[in-house]
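*Asks:* This is coords.tsv (TSV, C-alpha atoms and all ligand atoms).
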chain	number	residue	atom	x	y	z
J	1	MET	CA	11.88	25.52	-8.75
J	2	ASN	CA	11.21	25.37	-5.03
J	3	ASP	CA	11.05	22.05	-3.24
J	4	VAL	CA	7.75	20.77	-1.93
J	5	ARG	CA	8.16	21.17	1.84
J	6	VAL	CA	6.79	18.07	3.51
J	7	GLY	CA	5.55	17.27	7.03
J	8	VAL	CA	5.25	13.62	8.08
J	9	LEU	CA	2.70	12.42	10.65
J	10	GLY	CA	3.75	9.16	12.34
J	11	VAL	CA	7.35	8.07	12.16
J	12	GLY	CA	7.13	4.35	12.92
J	13	ARG	CA	8.24	1.68	10.48
J	14	ILE	CA	6.99	3.23	7.23
J	15	GLY	CA	7.07	6.89	8.36
J	16	GLN	CA	10.79	6.68	9.11
J	17	MET	CA	11.46	5.21	5.70
J	18	HIS	CA	9.45	7.91	3.92
J	19	SER	CA	11.13	10.61	6.05
J	20	GLU	CA	14.54	9.36	4.99
J	21	LEU	CA	13.59	9.16	1.31
J	22	ILE	CA	12.10	12.66	1.34
J	23	ALA	CA	15.02	14.14	3.26
J	24	ARG	CA	17.84	12.42	1.40
J	25	ARG	CA	16.75	11.02	-1.94
J	26	ALA	CA	13.52	12.41	-3.36
J	27	GLU	CA	14.06	15.07	-6.03
J	28	GLY	CA	12.00	18.21	-5.51
J	29	ALA	CA	10.88	17.42	-1.96
J	30	SER	CA	12.34	18.28	1.41
J	31	LEU	CA	11.44	17.19	4.91
J	32	VAL	CA	10.68	20.10	7.23
J	33	ALA	CA	8.69	18.64	10.12
J	34	VAL	CA	7.63	15.36	11.70
J	35	TYR	CA	5.14	14.52	14.43
J	36	ASP	CA	4.62	11.31	16.39
J	37	VAL	CA	2.67	10.66	19.60
J	38	PHE	CA	5.82	8.93	20.76
J	39	GLU	CA	7.83	12.12	21.19
J	40	GLU	CA	11.21	10.41	21.34
J	41	SER	CA	10.68	8.96	17.86
J	42	ALA	CA	9.77	12.34	16.45
J	43	GLN	CA	12.81	13.96	18.10
J	44	SER	CA	15.24	11.35	16.84
J	45	VAL	CA	13.87	11.25	13.27
J	46	ALA	CA	13.83	15.06	13.16
J	47	ALA	CA	17.42	15.26	14.38
J	48	GLU	CA	18.63	12.57	11.98
J	49	PHE	CA	17.07	14.13	8.89
J	50	GLY	CA	17.46	17.84	9.63
J	51	ALA	CA	13.78	18.56	10.29
J	52	ARG	CA	11.93	19.82	13.36
J	53	ALA	CA	9.63	17.87	15.66
J	54	ALA	CA	6.23	19.55	15.65
J	55	ALA	CA	4.41	19.98	18.96
J	56	SER	CA	1.11	18.58	17.67
J	57	PRO	CA	-0.45	17.27	14.45
J	58	GLU	CA	-2.45	20.51	14.16
J	59	GLU	CA	0.72	22.57	14.40
J	60	LEU	CA	2.36	20.48	11.64
J	61	ILE	CA	-0.67	20.53	9.34
J	62	ASN	CA	-1.19	24.29	9.66
J	63	ALA	CA	2.49	25.36	9.66
J	64	ASP	CA	3.33	28.00	7.06
J	65	ASP	CA	6.50	26.17	6.07
J	66	VAL	CA	4.68	22.86	5.37
J	67	ASP	CA	3.24	22.57	1.85
J	68	ALA	CA	2.11	18.94	1.92
J	69	ILE	CA	1.18	16.33	4.52
J	70	VAL	CA	2.26	12.68	4.65
J	71	VAL	CA	0.09	10.37	6.78
J	72	CYS	CA	1.99	7.34	8.13
J	73	THR	CA	0.12	6.85	11.39
J	74	PRO	CA	-1.93	3.74	12.32
J	75	THR	CA	-4.84	3.14	9.96
J	76	ASP	CA	-7.61	4.23	12.36
J	77	THR	CA	-6.19	7.77	12.49
J	78	HIS	CA	-5.83	8.31	8.72
J	79	ILE	CA	-9.16	9.93	7.89
J	80	ASP	CA	-9.04	12.51	10.71
J	81	PHE	CA	-5.66	13.65	9.38
J	82	LEU	CA	-6.97	13.72	5.81
J	83	VAL	CA	-9.91	15.88	6.91
J	84	ALA	CA	-7.66	18.25	8.88
J	85	SER	CA	-5.30	18.58	5.89
J	86	ALA	CA	-8.25	19.24	3.56
J	87	GLU	CA	-9.46	21.97	5.91
J	88	ALA	CA	-5.98	23.49	5.73
J	89	GLY	CA	-6.11	23.19	1.91
J	90	LYS	CA	-2.95	21.05	1.76
J	91	PRO	CA	-2.27	18.07	-0.52
J	92	VAL	CA	-1.80	14.72	1.16
J	93	PHE	CA	0.07	11.47	0.71
J	94	MET	CA	-1.92	8.78	2.56
J	95	GLU	CA	-0.52	5.40	3.49
J	96	LYS	CA	-2.77	2.46	2.74
J	97	PRO	CA	-5.37	1.40	3.73
J	98	LEU	CA	-7.33	4.66	3.89
J	99	SER	CA	-9.40	3.23	6.74
J	100	LEU	CA	-11.07	-0.04	7.71
J	101	ASP	CA	-14.44	1.69	7.62
J	102	LEU	CA	-16.08	2.63	4.33
J	103	SER	CA	-18.19	5.43	5.77
J	104	GLU	CA	-15.01	6.96	7.19
J	105	VAL	CA	-13.43	6.77	3.74
J	106	ASP	CA	-16.43	8.56	2.28
J	107	ARG	CA	-16.14	11.26	4.95
J	108	GLY	CA	-12.50	11.73	3.90
J	109	ILE	CA	-13.37	11.84	0.20
J	110	ALA	CA	-16.07	14.46	0.84
J	111	ALA	CA	-13.63	16.58	2.86
J	112	ALA	CA	-10.93	16.32	0.19
J	113	GLN	CA	-13.40	17.39	-2.49
J	114	ALA	CA	-14.68	20.27	-0.36
J	115	GLY	CA	-11.10	21.42	0.33
J	116	GLY	CA	-10.11	21.00	-3.33
J	117	ILE	CA	-6.94	19.15	-2.36
J	118	SER	CA	-5.09	16.48	-4.33
J	119	VAL	CA	-4.40	13.16	-2.63
J	120	GLN	CA	-2.10	10.25	-3.47
J	121	VAL	CA	-2.63	6.86	-1.79
J	122	GLY	CA	0.41	4.72	-0.92
J	123	PHE	CA	-0.09	1.69	-3.15
J	124	ASN	CA	3.63	1.54	-3.83
J	125	ARG	CA	3.63	-1.70	-5.83
J	126	ARG	CA	2.23	0.23	-8.80
J	127	PHE	CA	5.61	1.98	-8.86
J	128	ASP	CA	7.68	-1.22	-8.91
J	129	ALA	CA	9.31	-1.29	-12.34
J	130	SER	CA	8.55	-5.00	-12.92
J	131	HIS	CA	4.88	-4.88	-11.95
J	132	LYS	CA	4.45	-1.59	-13.82
J	133	ALA	CA	5.84	-3.25	-16.95
J	134	VAL	CA	3.17	-5.96	-16.61
J	135	ARG	CA	0.48	-3.31	-16.41
J	136	ASP	CA	1.94	-1.25	-19.27
J	137	THR	CA	2.15	-4.34	-21.49
J	138	VAL	CA	-1.50	-5.16	-20.82
J	139	ALA	CA	-2.55	-1.53	-21.39
J	140	SER	CA	-0.65	-1.42	-24.71
J	141	GLY	CA	-2.64	-4.39	-26.00
J	142	GLN	CA	0.47	-6.53	-26.61
J	143	ILE	CA	-1.02	-9.60	-24.93
J	144	GLY	CA	-4.39	-9.01	-26.56
J	145	GLU	CA	-7.48	-9.14	-24.42
J	146	VAL	CA	-6.54	-9.86	-20.80
J	147	GLN	CA	-8.31	-13.02	-19.62
J	148	MET	CA	-6.58	-14.01	-16.36
J	149	VAL	CA	-4.33	-12.36	-13.80
J	150	ARG	CA	-2.48	-14.38	-11.19
J	151	ILE	CA	-0.98	-12.66	-8.16
J	152	THR	CA	1.22	-14.34	-5.57
J	153	SER	CA	2.05	-12.32	-2.50
J	154	ARG	CA	3.65	-13.98	0.50
J	155	ASP	CA	5.31	-12.42	3.52
J	156	PRO	CA	8.38	-14.02	5.10
J	157	ALA	CA	6.93	-14.00	8.62
J	158	PRO	CA	3.70	-12.98	10.30
J	159	PRO	CA	3.46	-9.69	12.20
J	160	PRO	CA	3.08	-9.65	15.99
J	161	ILE	CA	-0.42	-10.58	17.20
J	162	SER	CA	-0.74	-7.09	18.69
J	163	TYR	CA	-0.44	-5.68	15.12
J	164	ILE	CA	-3.06	-8.08	13.75
J	165	ASP	CA	-5.62	-6.86	16.28
J	166	GLY	CA	-5.94	-3.37	14.74
J	167	SER	CA	-5.07	-4.31	11.15
J	168	GLY	CA	-8.47	-5.35	9.78
J	169	GLY	CA	-7.07	-8.83	9.20
J	170	ILE	CA	-5.20	-10.25	6.23
J	171	PHE	CA	-7.59	-8.99	3.51
J	172	LEU	CA	-7.58	-5.34	4.60
J	173	ASP	CA	-3.94	-5.21	5.66
J	174	MET	CA	-2.03	-7.44	3.25
J	175	THR	CA	-4.23	-8.61	0.35
J	176	ILE	CA	-5.36	-4.99	-0.11
J	177	HIS	CA	-2.13	-4.42	-2.10
J	178	ASP	CA	-3.10	-7.32	-4.39
J	179	PHE	CA	-6.65	-6.04	-4.81
J	180	ASP	CA	-5.10	-2.77	-5.96
J	181	MET	CA	-2.70	-4.64	-8.27
J	182	ALA	CA	-5.60	-6.53	-9.87
J	183	ARG	CA	-7.42	-3.28	-10.69
J	184	TYR	CA	-4.17	-1.66	-11.84
J	185	VAL	CA	-3.10	-4.48	-14.16
J	186	THR	CA	-6.51	-5.18	-15.73
J	187	GLY	CA	-7.69	-1.55	-15.75
J	188	SER	CA	-11.07	-2.94	-14.76
J	189	GLU	CA	-13.15	-2.81	-11.58
J	190	VAL	CA	-13.85	-5.96	-9.56
J	191	VAL	CA	-17.50	-7.05	-9.51
J	192	GLU	CA	-17.39	-10.33	-7.59
J	193	VAL	CA	-15.15	-11.84	-4.92
J	194	TYR	CA	-14.88	-15.42	-3.65
J	195	ALA	CA	-12.39	-15.91	-0.83
J	196	THR	CA	-11.36	-18.85	1.27
J	197	GLY	CA	-8.68	-19.19	3.89
J	198	ALA	CA	-7.05	-21.17	6.64
J	199	VAL	CA	-4.80	-20.86	9.66
J	200	MET	CA	-1.72	-22.89	8.74
J	201	VAL	CA	1.11	-20.77	10.18
J	202	ASP	CA	0.24	-19.89	13.78
J	203	PRO	CA	-2.90	-20.82	15.78
J	204	ALA	CA	-2.62	-17.48	17.62
J	205	ILE	CA	-3.51	-15.74	14.33
J	206	GLY	CA	-6.74	-17.77	14.22
J	207	GLU	CA	-7.45	-16.98	17.88
J	208	ALA	CA	-7.14	-13.27	16.95
J	209	GLY	CA	-9.93	-13.85	14.38
J	210	ASP	CA	-7.63	-13.71	11.36
J	211	LEU	CA	-6.36	-16.06	8.65
J	212	ASP	CA	-2.78	-16.56	7.50
J	213	THR	CA	-3.28	-18.50	4.28
J	214	VAL	CA	-5.84	-17.26	1.74
J	215	VAL	CA	-6.92	-17.63	-1.86
J	216	VAL	CA	-9.19	-15.10	-3.57
J	217	VAL	CA	-10.91	-15.46	-6.95
J	218	MET	CA	-12.29	-12.25	-8.45
J	219	THR	CA	-14.26	-11.39	-11.56
J	220	HIS	CA	-13.69	-8.04	-13.22
J	221	GLU	CA	-16.17	-5.85	-15.06
J	222	ASN	CA	-14.44	-6.70	-18.37
J	223	GLY	CA	-14.85	-10.43	-17.69
J	224	ALA	CA	-11.23	-11.14	-16.72
J	225	ILE	CA	-10.59	-13.38	-13.69
J	226	THR	CA	-7.91	-12.67	-11.08
J	227	THR	CA	-6.64	-15.20	-8.57
J	228	ILE	CA	-4.60	-14.15	-5.56
J	229	ASP	CA	-2.74	-16.36	-3.10
J	230	ASN	CA	-1.29	-15.05	0.13
J	231	SER	CA	0.66	-16.59	2.97
J	232	ARG	CA	1.91	-14.84	6.06
J	233	GLN	CA	4.97	-17.11	6.09
J	234	ALA	CA	7.09	-18.01	3.09
J	235	VAL	CA	10.32	-19.39	4.55
J	236	TYR	CA	12.32	-18.34	1.45
J	237	GLY	CA	11.52	-14.61	1.64
J	238	TYR	CA	9.15	-11.98	0.26
J	239	ASP	CA	7.51	-13.69	-2.73
J	240	GLN	CA	5.91	-11.12	-5.07
J	241	ARG	CA	4.83	-12.20	-8.56
J	242	VAL	CA	2.21	-10.98	-10.99
J	243	GLU	CA	1.19	-12.64	-14.26
J	244	ALA	CA	-1.30	-11.44	-16.84
J	245	PHE	CA	-2.51	-13.88	-19.50
J	246	GLY	CA	-4.36	-12.74	-22.60
J	247	SER	CA	-5.60	-13.73	-26.03
J	248	ALA	CA	-2.23	-12.83	-27.62
J	249	GLY	CA	0.27	-13.84	-24.94
J	250	MET	CA	1.31	-13.44	-21.33
J	251	VAL	CA	3.50	-11.13	-19.30
J	252	ALA	CA	4.86	-11.74	-15.81
J	253	SER	CA	6.98	-10.11	-13.13
J	254	ASP	CA	9.23	-12.29	-11.01
J	255	ASN	CA	11.21	-11.86	-7.81
J	256	PRO	CA	14.62	-10.25	-8.19
J	257	GLY	CA	17.55	-12.17	-6.70
J	258	VAL	CA	19.54	-10.67	-3.85
J	259	THR	CA	22.58	-11.47	-5.99
J	260	THR	CA	22.98	-12.54	-9.61
J	261	THR	CA	25.04	-15.58	-8.63
J	262	SER	CA	24.09	-18.99	-9.91
J	263	LYS	CA	25.69	-22.26	-8.91
J	264	ARG	CA	25.81	-25.58	-10.76
J	265	THR	CA	27.26	-28.77	-9.32
J	266	ALA	CA	27.01	-32.48	-10.07
J	267	THR	CA	23.92	-32.66	-7.84
J	268	GLY	CA	21.98	-29.70	-9.22
J	269	SER	CA	21.66	-25.96	-9.67
J	270	ALA	CA	20.97	-23.12	-7.26
J	271	GLY	CA	20.42	-19.40	-7.55
J	272	SER	CA	20.29	-16.51	-5.16
J	273	THR	CA	17.83	-16.01	-2.32
J	274	ILE	CA	15.11	-13.41	-2.89
J	275	PRO	CA	14.72	-10.16	-0.87
J	276	TYR	CA	13.58	-10.82	2.71
J	277	PHE	CA	10.76	-8.27	3.05
J	278	PHE	CA	9.21	-5.08	1.66
J	279	LEU	CA	11.99	-2.74	2.71
J	280	ASP	CA	14.47	-5.02	0.92
J	281	ARG	CA	12.37	-5.30	-2.25
J	282	TYR	CA	10.44	-2.12	-2.74
J	283	ILE	CA	12.59	0.93	-1.81
J	284	PRO	CA	12.83	2.02	-5.48
J	285	SER	CA	9.02	1.91	-5.68
J	286	TYR	CA	8.63	4.05	-2.56
J	287	LEU	CA	11.12	6.52	-3.99
J	288	ALA	CA	9.22	6.61	-7.30
J	289	GLU	CA	6.06	7.49	-5.35
J	290	TRP	CA	7.76	10.76	-4.38
J	291	THR	CA	8.57	11.64	-7.98
J	292	ASP	CA	4.88	11.46	-8.83
J	293	PHE	CA	3.87	13.21	-5.60
J	294	VAL	CA	6.12	16.17	-6.43
J	295	ALA	CA	4.68	16.27	-9.96
J	296	MET	CA	1.16	16.27	-8.50
J	297	VAL	CA	1.77	18.94	-5.86
J	298	ARG	CA	4.17	21.21	-7.71
J	299	ASP	CA	3.22	20.76	-11.36
J	300	GLY	CA	-0.49	19.97	-11.05
J	301	ALA	CA	-0.16	16.45	-12.53
J	302	PRO	CA	-3.09	14.14	-11.82
J	303	SER	CA	-2.87	11.89	-8.76
J	304	PRO	CA	-1.29	8.56	-9.77
J	305	VAL	CA	-3.28	6.73	-7.06
J	306	THR	CA	-6.52	8.52	-6.26
J	307	LEU	CA	-8.90	8.33	-3.30
J	308	HIS	CA	-11.13	6.20	-5.54
J	309	ASP	CA	-8.16	3.85	-5.98
J	310	GLY	CA	-7.90	3.80	-2.19
J	311	ARG	CA	-11.61	3.09	-1.68
J	312	ALA	CA	-12.09	0.29	-4.24
J	313	PRO	CA	-9.68	-2.25	-2.65
J	314	LEU	CA	-11.30	-1.66	0.74
J	315	VAL	CA	-14.66	-2.61	-0.78
J	316	ILE	CA	-13.05	-5.75	-2.26
J	317	GLY	CA	-11.46	-6.58	1.11
J	318	LEU	CA	-14.77	-6.20	2.93
J	319	ALA	CA	-16.37	-8.43	0.27
J	320	ALA	CA	-13.60	-11.01	0.81
J	321	TRP	CA	-14.29	-11.14	4.55
J	322	ARG	CA	-18.02	-11.49	3.88
J	323	SER	CA	-17.28	-14.27	1.40
J	324	VAL	CA	-15.26	-16.19	3.99
J	325	HIS	CA	-17.89	-15.71	6.70
J	326	GLU	CA	-20.83	-16.64	4.47
J	327	GLY	CA	-19.10	-19.23	2.27
J	328	ARG	CA	-20.26	-17.74	-1.03
J	329	PRO	CA	-19.14	-15.39	-3.80
J	330	VAL	CA	-19.99	-11.77	-2.89
J	331	LYS	CA	-20.75	-8.98	-5.37
J	332	THR	CA	-18.82	-5.80	-4.59
J	333	LYS	CA	-22.07	-3.86	-5.04
J	334	GLU	CA	-23.36	-5.65	-1.91
J	335	ILE	CA	-20.78	-3.73	0.13
J	336	THR	CA	-22.17	-0.39	1.21
J	337	PRO	CA	-21.08	2.05	3.92
N	401	LIG	N1	2.68	0.90	1.69
N	401	LIG	C1	3.28	-0.01	2.42
N	401	LIG	O1	4.01	-0.84	1.91
N	401	LIG	C2	3.12	0.00	3.92
N	401	LIG	C3	4.02	-0.73	4.71
N	401	LIG	C4	3.88	-0.70	6.10
N	401	LIG	C5	2.84	0.03	6.67
N	401	LIG	N2	1.96	0.71	5.88
N	401	LIG	C6	0.85	1.47	6.48
N	401	LIG	O2	1.40	2.59	7.17
N	401	LIG	C7	0.68	2.84	8.36
N	401	LIG	C8	1.66	2.79	9.54
N	401	LIG	O3	2.23	1.49	9.62
N	401	LIG	P1	3.61	1.20	10.37
N	401	LIG	O4	3.95	-0.20	10.06
N	401	LIG	O5	4.61	2.26	10.07
N	401	LIG	O6	3.14	1.32	11.88
N	401	LIG	P2	4.03	1.68	13.16
N	401	LIG	O7	3.23	1.25	14.33
N	401	LIG	O8	5.43	1.17	12.99
N	401	LIG	O9	4.12	3.30	13.12
N	401	LIG	C9	3.05	4.13	13.44
N	401	LIG	C10	3.61	5.35	14.15
N	401	LIG	O10	2.54	6.28	14.37
N	401	LIG	C11	2.64	6.78	15.70
N	401	LIG	N3	1.29	7.22	16.10
N	401	LIG	C12	0.27	6.50	16.61
N	401	LIG	N4	-0.83	7.27	16.76
N	401	LIG	C13	-0.49	8.52	16.31
N	401	LIG	C14	-1.17	9.75	16.22
N	401	LIG	N5	-2.46	9.85	16.58
N	401	LIG	N6	-0.50	10.82	15.75
N	401	LIG	C15	0.81	10.72	15.37
N	401	LIG	N7	1.51	9.57	15.45
N	401	LIG	C16	0.87	8.49	15.90
N	401	LIG	C17	3.20	5.65	16.52
N	401	LIG	O11	3.82	6.12	17.72
N	401	LIG	C18	4.20	5.03	15.52
N	401	LIG	O12	5.47	5.64	15.62
N	401	LIG	C19	-0.43	1.79	8.43
N	401	LIG	O13	-1.61	2.32	7.93
N	401	LIG	C20	0.09	0.67	7.52
N	401	LIG	O14	-0.96	-0.08	6.93
N	401	LIG	C21	2.10	0.73	4.52
As structure tokens, what does this structure read like?
Ligand SMILES: NC(=O)c1ccc[n+]([C@@H]2O[C@H](COP(=O)([O-])OP(=O)(O)OC[C@H]3O[C@@H](n4cnc5c(N)ncnc54)[C@H](O)[C@@H]3O)[C@@H](O)[C@H]2O)c1
*Replies:*
Amino acid sequence: MNDVRVGVLGVGRIGQMHSELIARRAEGASLVAVYDVFEESAQSVAAEFGARAAASPEELINADDVDAIVVCTPTDTHIDFLVASAEAGKPVFMEKPLSLDLSEVDRGIAAAQAGGISVQVGFNRRFDASHKAVRDTVASGQIGEVQMVRITSRDPAPPPISYIDGSGGIFLDMTIHDFDMARYVTGSEVVEVYATGAVMVDPAIGEAGDLDTVVVVMTHENGAITTIDNSRQAVYGYDQRVEAFGSAGMVASDNPGVTTTSKRTATGSAGSTIPYFFLDRYIPSYLAEWTDFVAMVRDGAPSPVTLHDGRAPLVIGLAAWRSVHEGRPVKTKEITP
């Protein structure tokens, strides 16, 4: 069977990683073209991975030798590229978040429907084997009726302030993964959000209008309650844990160690450090995204992470910001485009 020939838009931090996975490791996909406004990046990624640097995004999207488009550009450009790909009738892999603006998301969804294209959104944590096992255990009924989900998600260090400015703040940039995880694990939509937060890590984050330490409590349609805690700075690494508790038991994912070494002395015990950040922890999950993308594009499998799955966490994130600003629980149905 022929490979899905992929073109990547935006080869910064995440676009370079996806380019490498597609070119070197993903089964059934090959990298044919990349485009970046920073031409040098495009040239060097293209040269490294045996692809060509396209002259423009339009040229890449409409090229005869490109079957599918991967959008890894800054968030505010995502929907324009989705619309252009839909007009070209080509399937798309979209990095999260779809946009910071709900009406823009709806414009993208309308265009994708009109173009009849399939789209996969880059919520990679669904593809992490440990978190997926939590979800599969819940879905199988082994822990009975799910009553609570607890998600801890802490970065090792905050991003530069320049990044925070265009990111939509912690809820739309970082917690959005956890909002997706909550929906994924419970299989139930979120109906109410109460969020609170503080600036404990760096005052400059507060001056930029953001928070670096947050807790979110959410109620799902099925009555389950999810709590999320985030910090922009966990000095011990990238802390990623999910626990589901139900009427017949619990199931949890923990952090893997960097090594399997454990040490015991007269004064105590110690284990390994945990992975430092997302590229250290989640490469297998990003690779697994490509397996499903190939199945979707080549074999007509359903999208594993749909545009609806991309839209719902944005609604939750907007509700979280409103909750912080107004100091009250916010129903997700209050959030409209
Ligand atoms: N799923 C994940 O775990 C994950 C991780 C990191 C980033 N992301 C998402 O990926 C997107 C990119 O993030 P990043 O960290 O790689 O950012 P980045 O700034 O490192 O990379 C963005 C790249 O896009 C290029 N660019 C800017 N405007 C462009 C345009 N109009 N056309 C083509 N190229 C353009 C920039 O020159 C840069 O090389 C964001 O939406 C971010 O939220 C997802």
*Asks:* May I have the residues within 10 Å of J:Gly249 as a list in words, using only C-alpha atoms and disregarding those fewer than 4 positions away in the same chain?
*Replies:*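 With the cut-off at 10 Å, the set is Val138, Gly141, Gln142, Ile143, Gly144, Glu145, Val146, Ala244 and Phe245 of chain J.
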*Asks:* If I take atom CA of J:Val37 and atom C13 of ligand LIG 401 (chain N), how far is one from the other in Å, to one decimal?
*Replies:*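 Spanning atom CA of J:Val37 to atom C13 of ligand LIG 401 (chain N) is a straight-line distance of 5.0 Å.
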*Asks:* For each of J:Val251, J:Ala111, J:Ala26, J:Val6, take the minimum atom-to-atom distance to J:Gln147, counting only C-alpha atoms, then give the residue where this is smallest.
*Replies:*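 Nearest candidate to J:Gln147 out of J:Val251, J:Ala111, J:Ala26, J:Val6: J:Val251.
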*Asks:* Which residue gives the smallest distance to J:Met218 among J:Val297, J:Ala252, J:Ala270, J:Ile316, with all atoms listed in the file counted?
*Replies:* J:Ile316
*Asks:* Calculated over all atoms listed in the file, which of the candidates J:Thr186, J:Ser130, J:Asn62, J:Thr75 has the smallest distance to ligand LIG 401 (chain N)?
*Replies:*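 Distance minimum relative to ligand LIG 401 (chain N) lands on J:Thr75.
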*Asks:* Counting all atoms listed in the file, which residues of chain J fall within 7 Å of ligand LIG 401 (chain N), and what is the closest atom pair for each with its distance in Å at one decimal, ordered by chain and rising number, as CSV?
*Replies:*
residue,atom,partner,partner_atom,distance
J:Leu9,CA,N:LIG401,C15,5.4
J:Gly10,CA,N:LIG401,O10,3.7
J:Val11,CA,N:LIG401,O12,4.6
J:Gly12,CA,N:LIG401,O9,3.2
J:Arg13,CA,N:LIG401,O5,3.7
J:Ile14,CA,N:LIG401,O5,3.8
J:Gly15,CA,N:LIG401,O5,5.5
J:Tyr35,CA,N:LIG401,C15,5.8
J:Asp36,CA,N:LIG401,N7,3.7
J:Val37,CA,N:LIG401,N7,4.4
J:Phe38,CA,N:LIG401,O11,4.6
J:Ser41,CA,N:LIG401,O12,6.6
J:Pro57,CA,N:LIG401,N6,6.6
J:Cys72,CA,N:LIG401,C7,4.7
J:Thr73,CA,N:LIG401,O10,3.9
J:Pro74,CA,N:LIG401,C19,4.6
J:Thr75,CA,N:LIG401,O13,3.9
J:Thr77,CA,N:LIG401,N5,5.9
J:Glu95,CA,N:LIG401,O2,5.0
J:Lys96,CA,N:LIG401,O14,5.2
J:Pro97,CA,N:LIG401,O14,5.6
J:Gly122,CA,N:LIG401,N1,5.2
J:Phe123,CA,N:LIG401,N1,5.6
J:Asn124,CA,N:LIG401,N1,5.6
J:Asp173,CA,N:LIG401,O14,6.1
J:Phe278,CA,N:LIG401,O1,6.7
*Asks:* Between J:Pro159, J:Thr273, J:Ile164, J:Gly197, single out the one closest to J:Gln233, counting only C-alpha atoms.
*Replies:* J:Pro159
